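As stored in upload_31.tsv (TSV, C-alpha atoms):
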chain	number	residue	atom	x	y	z
L	2	MET	CA	59.88	18.40	-55.16
L	3	LYS	CA	60.91	16.56	-51.99
L	4	LEU	CA	61.26	19.87	-50.16
L	5	ILE	CA	57.85	21.04	-51.34
L	6	LEU	CA	56.21	17.82	-50.17
L	7	THR	CA	57.92	18.06	-46.79
L	8	LEU	CA	56.70	21.63	-46.40
L	9	ILE	CA	53.19	20.60	-47.38
L	10	VAL	CA	53.04	17.73	-44.89
L	11	THR	CA	54.33	20.08	-42.18
L	12	PHE	CA	51.70	22.65	-43.17
L	13	ILE	CA	48.93	20.03	-43.03
L	14	SER	CA	50.08	18.76	-39.64
L	15	MET	CA	50.19	22.29	-38.26
L	16	THR	CA	46.71	22.98	-39.61
L	17	SER	CA	45.32	19.91	-37.83
L	18	ILE	CA	46.95	20.96	-34.57
L	19	THR	CA	45.82	24.55	-34.81
L	20	LYS	CA	42.25	23.61	-35.76
L	21	ALA	CA	41.98	21.46	-32.64
L	22	SER	CA	42.69	24.51	-30.53
L	23	GLY	CA	40.20	26.64	-32.45
L	24	PHE	CA	42.98	28.63	-33.99
L	25	SER	CA	43.20	29.34	-37.71
L	26	ASP	CA	46.32	30.36	-39.57
L	27	LEU	CA	44.09	32.71	-41.57
L	28	ASP	CA	43.76	34.85	-38.44
L	29	LEU	CA	47.43	35.72	-38.81
L	30	CYS	CA	47.05	37.25	-42.26
L	31	LYS	CA	47.45	41.00	-42.36
L	32	SER	CA	44.36	41.81	-44.41
L	33	ASN	CA	41.53	40.23	-46.30
L	34	ASP	CA	38.99	41.10	-48.94
L	35	THR	CA	35.84	39.49	-50.19
L	36	ILE	CA	34.55	39.12	-53.73
L	37	LEU	CA	31.03	37.75	-53.71
L	38	THR	CA	31.31	34.62	-51.56
L	39	SER	CA	35.06	34.13	-51.88
L	40	LYS	CA	37.34	35.47	-49.19
L	41	PHE	CA	40.96	36.30	-49.89
L	42	PHE	CA	43.64	36.64	-47.21
L	43	ASN	CA	46.77	38.67	-47.87
L	44	ASP	CA	50.28	38.63	-46.41
L	45	CYS	CA	49.84	35.41	-44.49
L	46	PRO	CA	52.61	33.49	-42.75
L	47	GLY	CA	53.86	31.14	-45.46
L	48	ALA	CA	51.75	32.52	-48.28
L	49	LYS	CA	51.35	35.85	-50.02
L	50	GLU	CA	47.67	35.25	-50.73
L	51	ILE	CA	45.20	32.52	-49.78
L	52	GLY	CA	41.81	32.23	-51.48
L	53	THR	CA	38.98	30.50	-49.62
L	54	GLN	CA	35.47	29.32	-50.41
L	55	ILE	CA	32.89	27.38	-48.44
L	56	HIS	CA	31.19	24.36	-50.03
L	57	GLN	CA	28.17	22.58	-48.61
L	58	SER	CA	28.34	18.81	-48.37
L	59	ASN	CA	27.66	16.08	-45.87
L	60	LEU	CA	30.54	13.96	-47.14
L	61	SER	CA	33.01	12.73	-44.54
L	62	VAL	CA	36.75	13.09	-45.06
L	63	ASP	CA	37.01	9.35	-45.80
L	64	ASP	CA	34.18	9.45	-48.34
L	65	PHE	CA	35.57	12.52	-50.05
L	66	PHE	CA	39.06	11.08	-50.30
L	67	HIS	CA	37.78	7.80	-51.72
L	68	LEU	CA	35.68	9.73	-54.24
L	69	LEU	CA	38.75	11.74	-55.20
L	70	VAL	CA	40.77	8.58	-55.81
L	71	LYS	CA	38.02	7.10	-58.00
L	72	ALA	CA	37.27	10.38	-59.79
L	73	THR	CA	40.86	10.77	-60.95
L	74	LYS	CA	40.17	7.71	-63.09
L	75	ASP	CA	36.55	8.48	-63.99
L	76	VAL	CA	34.99	11.91	-63.33
L	77	SER	CA	31.52	10.69	-64.25
L	78	ILE	CA	31.13	9.08	-60.81
L	79	LEU	CA	30.79	12.56	-59.29
L	80	ASP	CA	27.31	13.90	-58.51
L	81	ASP	CA	27.12	17.51	-59.73
L	82	LYS	CA	24.09	18.16	-57.54
L	83	ASP	CA	26.43	18.03	-54.54
L	84	ASP	CA	28.30	21.31	-54.13
L	85	LEU	CA	31.59	19.73	-53.09
L	86	GLN	CA	31.51	17.03	-55.75
L	87	ALA	CA	30.68	19.59	-58.46
L	88	ASN	CA	33.66	21.61	-57.28
L	89	LEU	CA	35.97	18.59	-57.42
L	90	HIS	CA	34.60	17.74	-60.87
L	91	THR	CA	35.51	21.23	-62.09
L	92	LEU	CA	38.94	21.07	-60.47
L	93	LEU	CA	39.72	17.79	-62.22
L	94	LEU	CA	38.81	19.29	-65.59
L	95	VAL	CA	40.54	22.61	-65.01
L	96	GLU	CA	43.82	21.32	-63.58
L	97	LYS	CA	43.97	18.23	-65.80
L	98	LYS	CA	46.70	16.58	-63.70
L	99	PHE	CA	47.10	16.24	-59.96
L	100	LYS	CA	50.76	15.82	-59.06
L	101	TYR	CA	50.06	14.53	-55.59
L	102	TYR	CA	47.11	14.21	-53.20
L	103	THR	CA	46.78	13.08	-49.65
L	104	THR	CA	44.64	13.35	-46.55
L	105	SER	CA	45.54	14.14	-42.97
L	106	GLY	CA	43.21	14.86	-40.07
L	107	ASP	CA	40.26	16.83	-41.38
L	108	SER	CA	41.90	17.86	-44.63
L	109	VAL	CA	42.32	16.61	-48.15
L	110	VAL	CA	45.19	18.22	-50.03
L	111	ILE	CA	45.80	18.28	-53.76
L	112	ILE	CA	49.04	19.51	-55.29
L	113	VAL	CA	48.99	20.71	-58.88
L	114	GLU	CA	51.59	22.19	-61.20
L	115	ASP	CA	51.47	25.71	-59.81
L	116	GLY	CA	49.80	25.42	-56.45
L	117	MET	CA	47.84	23.63	-53.79
L	118	TYR	CA	44.16	23.08	-53.06
L	119	MET	CA	43.25	22.17	-49.51
L	120	TYR	CA	39.73	21.02	-48.60
L	121	GLU	CA	39.14	21.33	-44.85
L	122	LYS	CA	36.14	19.63	-43.25
L	123	LEU	CA	34.25	22.01	-41.00
L	124	ASP	CA	31.14	21.11	-38.97
L	125	THR	CA	28.58	20.92	-41.77
L	126	SER	CA	30.54	22.20	-44.71
L	127	TRP	CA	33.98	22.24	-46.29
L	128	ARG	CA	36.42	25.10	-46.71
L	129	LEU	CA	38.54	25.15	-49.85
L	130	LYS	CA	41.85	26.97	-49.59
L	131	VAL	CA	43.84	27.84	-52.70
L	132	ILE	CA	47.52	28.74	-52.53
L	133	LEU	CA	49.63	29.28	-55.63
L	134	PHE	CA	53.39	28.88	-55.88
L	135	ASP	CA	55.40	31.87	-57.11
T	27	MET	CA	12.17	26.68	-76.06
T	28	SER	CA	14.70	23.93	-76.28
T	29	ILE	CA	16.29	22.44	-73.17
T	30	PRO	CA	19.21	20.97	-75.16
T	31	LEU	CA	19.94	24.40	-76.71
T	32	VAL	CA	19.94	26.14	-73.34
T	33	LYS	CA	22.13	23.43	-71.83
T	34	ASN	CA	24.43	23.58	-74.83
T	35	ASN	CA	24.90	27.33	-74.40
T	36	LEU	CA	25.63	26.86	-70.71
T	37	ALA	CA	28.09	24.09	-71.53
T	38	VAL	CA	29.83	26.31	-74.11
T	39	LEU	CA	30.09	29.11	-71.57
T	40	ARG	CA	31.44	26.73	-68.91
T	41	LYS	CA	34.01	25.31	-71.30
T	42	ARG	CA	35.09	28.80	-72.25
T	43	ILE	CA	35.62	29.67	-68.57
T	44	GLU	CA	37.44	26.39	-67.86
T	45	ASN	CA	39.77	26.86	-70.82
T	46	THR	CA	40.74	30.40	-69.87
T	47	SER	CA	44.28	30.60	-68.54
T	48	THR	CA	44.73	32.62	-65.37
T	49	SER	CA	48.46	32.99	-66.02
T	50	SER	CA	48.02	36.03	-68.22
T	51	GLU	CA	46.36	39.32	-67.38
T	52	LEU	CA	44.05	38.99	-70.38
T	53	GLY	CA	42.92	35.58	-69.16
T	54	ARG	CA	42.23	36.96	-65.71
T	55	LEU	CA	40.27	39.82	-67.28
T	56	GLU	CA	38.16	37.23	-69.11
T	57	ILE	CA	37.34	35.57	-65.78
T	58	ALA	CA	36.43	38.92	-64.24
T	59	ILE	CA	34.10	39.71	-67.14
T	60	ALA	CA	32.44	36.30	-66.91
T	61	LEU	CA	32.01	36.79	-63.18
T	62	ASP	CA	30.46	40.20	-63.80
T	63	MET	CA	27.96	38.76	-66.24
T	64	LEU	CA	27.01	35.76	-64.15
T	65	SER	CA	26.79	37.19	-60.68
T	66	LYS	CA	23.70	38.53	-59.05
T	67	ASN	CA	25.28	41.91	-58.50
T	68	SER	CA	27.75	43.52	-60.83
T	69	ILE	CA	31.33	43.52	-59.60
T	70	SER	CA	32.85	46.91	-58.98
T	71	ARG	CA	35.60	48.52	-61.02
T	72	ALA	CA	38.02	47.98	-58.11
T	73	GLU	CA	37.12	44.29	-57.90
T	74	LEU	CA	37.51	43.87	-61.65
T	75	ASN	CA	41.02	45.30	-61.48
T	76	LEU	CA	41.89	43.27	-58.36
T	77	ILE	CA	40.99	40.05	-60.18
T	78	THR	CA	43.09	40.95	-63.21
T	79	LYS	CA	46.09	41.46	-60.92
T	80	SER	CA	45.74	38.31	-58.80
T	81	ARG	CA	46.26	34.73	-59.99
T	82	VAL	CA	44.74	33.35	-56.77
T	83	LYS	CA	41.58	35.41	-57.14
T	84	ALA	CA	41.17	34.58	-60.81
T	85	LYS	CA	41.81	30.89	-60.28
T	86	LEU	CA	39.41	30.50	-57.35
T	87	LEU	CA	36.67	32.53	-59.04
T	88	LYS	CA	37.08	30.55	-62.25
T	89	LEU	CA	36.58	27.38	-60.24
T	90	HIS	CA	33.53	28.85	-58.54
T	91	LEU	CA	31.89	30.05	-61.75
T	92	SER	CA	32.37	26.75	-63.49
T	93	THR	CA	31.16	24.79	-60.46
T	94	ASP	CA	27.98	26.84	-60.28
T	95	ILE	CA	27.20	26.41	-63.97
T	96	ARG	CA	27.77	22.67	-63.50
T	97	LYS	CA	25.36	22.63	-60.54
T	98	LEU	CA	22.77	24.65	-62.45
T	99	MET	CA	22.94	22.21	-65.35
T	100	ALA	CA	22.55	19.22	-63.02
T	101	SER	CA	19.57	20.77	-61.24
T	102	GLU	CA	15.93	20.72	-62.28
T	103	ALA	CA	15.81	24.51	-62.61
T	104	ILE	CA	16.29	24.76	-66.37
T	105	PRO	CA	13.39	22.52	-67.44
T	106	LYS	CA	11.21	24.35	-64.91
T	107	ILE	CA	12.17	27.75	-66.31
T	108	LEU	CA	11.36	26.62	-69.81
T	109	ALA	CA	8.13	24.95	-68.75
T	110	THR	CA	6.78	28.01	-66.99
T	111	VAL	CA	3.27	28.55	-68.27
T	112	ASP	CA	3.36	32.31	-68.02
T	113	PRO	CA	6.99	33.35	-68.13
T	114	THR	CA	6.18	37.03	-67.81
T	115	SER	CA	4.28	36.51	-64.57
T	116	LYS	CA	6.02	38.18	-61.66
T	117	SER	CA	5.07	35.46	-59.18
T	118	ALA	CA	6.29	32.71	-61.49
T	119	GLY	CA	9.54	34.59	-61.90
T	120	GLN	CA	10.00	35.02	-58.18
T	121	ALA	CA	9.32	31.33	-57.51
T	122	LEU	CA	11.87	30.26	-60.09
T	123	SER	CA	14.39	32.78	-58.88
T	124	ALA	CA	14.09	31.30	-55.41
T	125	GLU	CA	14.62	27.85	-56.83
T	126	ILE	CA	17.72	28.87	-58.79
T	127	LEU	CA	19.06	30.66	-55.75
T	128	SER	CA	18.69	27.49	-53.71
T	129	VAL	CA	20.97	25.75	-56.19
T	130	ILE	CA	23.49	28.51	-56.77
T	131	PRO	CA	23.12	31.12	-54.06
T	132	HIS	CA	25.44	33.74	-55.40
T	133	PHE	CA	26.12	33.14	-59.02
T	134	VAL	CA	22.98	33.30	-60.99
T	135	ALA	CA	23.36	34.19	-64.60
T	136	SER	CA	21.18	37.10	-63.87
T	137	GLN	CA	22.66	40.07	-65.62
T	138	MET	CA	23.42	38.16	-68.73
T	139	PHE	CA	19.95	36.69	-68.68
T	140	ALA	CA	18.61	40.19	-68.66
T	141	ALA	CA	21.14	41.65	-71.03
T	142	ARG	CA	19.24	42.40	-74.18
T	143	SER	CA	21.59	45.32	-74.58
T	144	VAL	CA	24.83	46.32	-72.94
T	145	GLN	CA	22.92	48.34	-70.38
T	146	LEU	CA	22.92	47.06	-66.85
T	147	ASN	CA	19.34	46.52	-65.81
T	148	ILE	CA	19.03	45.23	-62.29
T	149	GLU	CA	15.25	45.55	-62.36
T	150	THR	CA	14.86	42.89	-64.99
T	151	MET	CA	17.43	40.44	-63.82
T	152	TRP	CA	14.80	38.00	-62.66
T	153	ASP	CA	12.77	38.39	-65.79
T	154	ILE	CA	12.11	34.79	-66.74
T	155	GLN	CA	11.37	35.66	-70.34
T	156	SER	CA	14.85	37.15	-70.59
T	157	ILE	CA	16.39	34.00	-69.16
T	158	ALA	CA	14.62	31.89	-71.70
T	159	ASP	CA	15.38	34.31	-74.54
T	160	ASN	CA	19.07	34.71	-73.87
T	161	PHE	CA	19.90	31.10	-73.24
T	162	SER	CA	17.80	29.97	-76.18
T	163	LYS	CA	19.90	31.95	-78.61
T	164	SER	CA	21.96	30.26	-81.25
T	165	PRO	CA	25.57	29.64	-80.17
T	166	GLN	CA	26.66	32.50	-82.46
T	167	GLN	CA	24.17	34.95	-80.96
T	168	PHE	CA	25.12	33.78	-77.51
T	169	ASN	CA	28.81	34.42	-78.18
T	170	ARG	CA	27.93	37.86	-79.52
T	171	LEU	CA	26.10	38.64	-76.28
T	172	PHE	CA	29.20	37.72	-74.30
T	173	ALA	CA	31.46	39.76	-76.62
T	174	ASP	CA	29.22	42.84	-76.34
T	175	TRP	CA	29.23	42.65	-72.57
T	176	ARG	CA	33.01	42.21	-72.54
T	177	SER	CA	33.64	45.24	-74.76
T	178	TRP	CA	31.35	47.41	-72.71
T	179	ARG	CA	32.89	46.45	-69.36
T	180	ILE	CA	36.48	46.79	-70.58
T	181	GLU	CA	35.81	50.19	-72.08
T	182	ALA	CA	34.06	51.38	-68.94
T	183	ASP	CA	36.31	50.02	-66.21
T	184	TYR	CA	39.44	48.09	-67.15
T	185	GLY	CA	42.64	49.74	-65.94
T	186	ARG	CA	40.86	52.79	-64.54
As structure tokens:
Amino acid sequence: MKLILTLIVTFISMTSITKASGFSDLDLCKSNDTILTSKFFNDCPGAKEIGTQIHQSNLSVDDFFHLLVKATKDVSILDDKDDLQANLHTLLLVEKKFKYYTTSGDSVVIIVEDGMYMYEKLDTSWRLKVILFD
Amino acid sequence: MSIPLVKNNLAVLRKRIENTSTSSELGRLEIAIALDMLSKNSISRAELNLITKSRVKAKLLKLHLSTDIRKLMASEAIPKILATVDPTSKSAGQALSAEILSVIPHFVASQMFAARSVQLNIETMWDIQSIADNFSKSPQQFNRLFADWRSWRIEADYGR
């Protein structure tokens, strides 16, 4: 578990650095495909497959993280009319238990039993990345 | 038309999607079928088989489907659909379609709304009367609709 957390923190730090230079790790994936609005990247450095989706929301990273902390105790505080909050609401019900969550730079990361969800703040929206452990 | 009944059917469908495990191939197939029914355009045979083979795809799409149903239920679209004075009017249908699309741009329960039979009928997917009819069914009828669609899609495309 300690190793996984170390790897995650390193991954988050690298993401923050690379985003600042306009570089995305997704550009290094060998191929990608799209199903409706979801984009999937294959054979990426560090991950076999990464799923991504864009969610519209004006929430700041701080606001989103504070909502996440509160919502883990009471999901009813989330506003389902907001795309990002509706997504978090669903995630809380689907995954049942978050093992660990944190924020760094422009990202909020949630670790669950079999994978990781990373919400990255973009200019006017958020990108959700999903990576599953083998 | 009953708003609680429509919302109940949507809630049942959402729960069914949320409770589907993406660890097994059958669970992933269930997600692919639900996606096929709820999306504006049918998913292709290749996409259906890609989803059944990928945990990441199934998991992310499951999250997306459920999120969109949640947003639809929280929006004002359902009462407006049911309150439409002339549900068969083309202009009324187009206006409501635009409204639903503004809430959930890509996942509108269009094909299922229009699915009186197992035949895919793109022309009628914005037929408001069909939306009202299908989501006003009893929970048993509604489940039957889902099961019919599932059987048809599996027979036609799964594993091919």
Next item on the list: May I have the residues at most 6 Å from (30.5, 41.4, -56.4) in the file's coordinates, counting all atoms listed in the file, as a list in words?
Entry: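 Using all atoms listed in the file, the matching residues come out as Ile36 and Leu37 of chain L; Asn67, Ser68 and Ile69 of chain T.
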Next item on the list: Using only C-alpha atoms, determine which residues of chain T fall within 12 Å of chain L; present them as a PyMOL selection string.
Entry: chain T and resi 40-49+58+61-62+64-77+80-103+128-134
Note to self: Which residues are close to region 62-64 of chain L, i.e. within 8 Å by all atoms listed in the file, leaving aside same-chain residues fewer than 3 positions away? Reply as a PyMOL selection string.
What the structure shows: chain L and resi 67-68+107-109+122
Residue subset to file, keeping C-alpha atoms, as a short mmCIF file (atom, residue, chain, number, x, y, z; two decimals), in the frame of the given file:
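Contents of out-v6.cif, as written:
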data_model
loop_
_atom_site.label_atom_id
_atom_site.label_comp_id
_atom_site.auth_asym_id
_atom_site.auth_seq_id
_atom_site.Cartn_x
_atom_site.Cartn_y
_atom_site.Cartn_z
CA HIS L 67 37.78 7.80 -51.72
CA LEU L 68 35.68 9.73 -54.24
CA ASP L 107 40.26 16.83 -41.38
CA SER L 108 41.90 17.86 -44.63
CA VAL L 109 42.32 16.61 -48.15
CA LYS L 122 36.14 19.63 -43.25
#
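For the set L:Ser25, L:Leu79, L:Asp44, L:Met119, the residue with the smallest atom-to-atom gap to Tyr101 (chain L) is L:Met119, counting all atoms listed in the file.
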Next item on the list: To one decimal in Å, tell me the separation between CA of Asn33 (chain L) and CA of Pro46 (chain L).
Entry: 13.4 Å
Find the axis-aligned box for region 102-114 of chain L, covering all its listed atoms and adding 5 Å on each side, and write its centre and edge lengths in Å to one decimal as AutoDock Vina command-line options.
--center_x 45.9 --center_y 17.6 --center_z -50.6 --size_x 21.3 --size_y 19.1 --size_z 31.1
Next item on the list: For CA of Lys74 (chain L) and CA of Lys98 (chain L), determine how far apart the two atoms are, in Å to one decimal place.
Entry: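 We find that CA of Lys74 (chain L) and CA of Lys98 (chain L) lie 11.0 Å from each other.
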Notebook entry, point to check: What does the distance between CA of Asn35 (chain T) and CA of Ala173 (chain T) come to in Å, to one decimal place?
Noted result: 14.2 Å
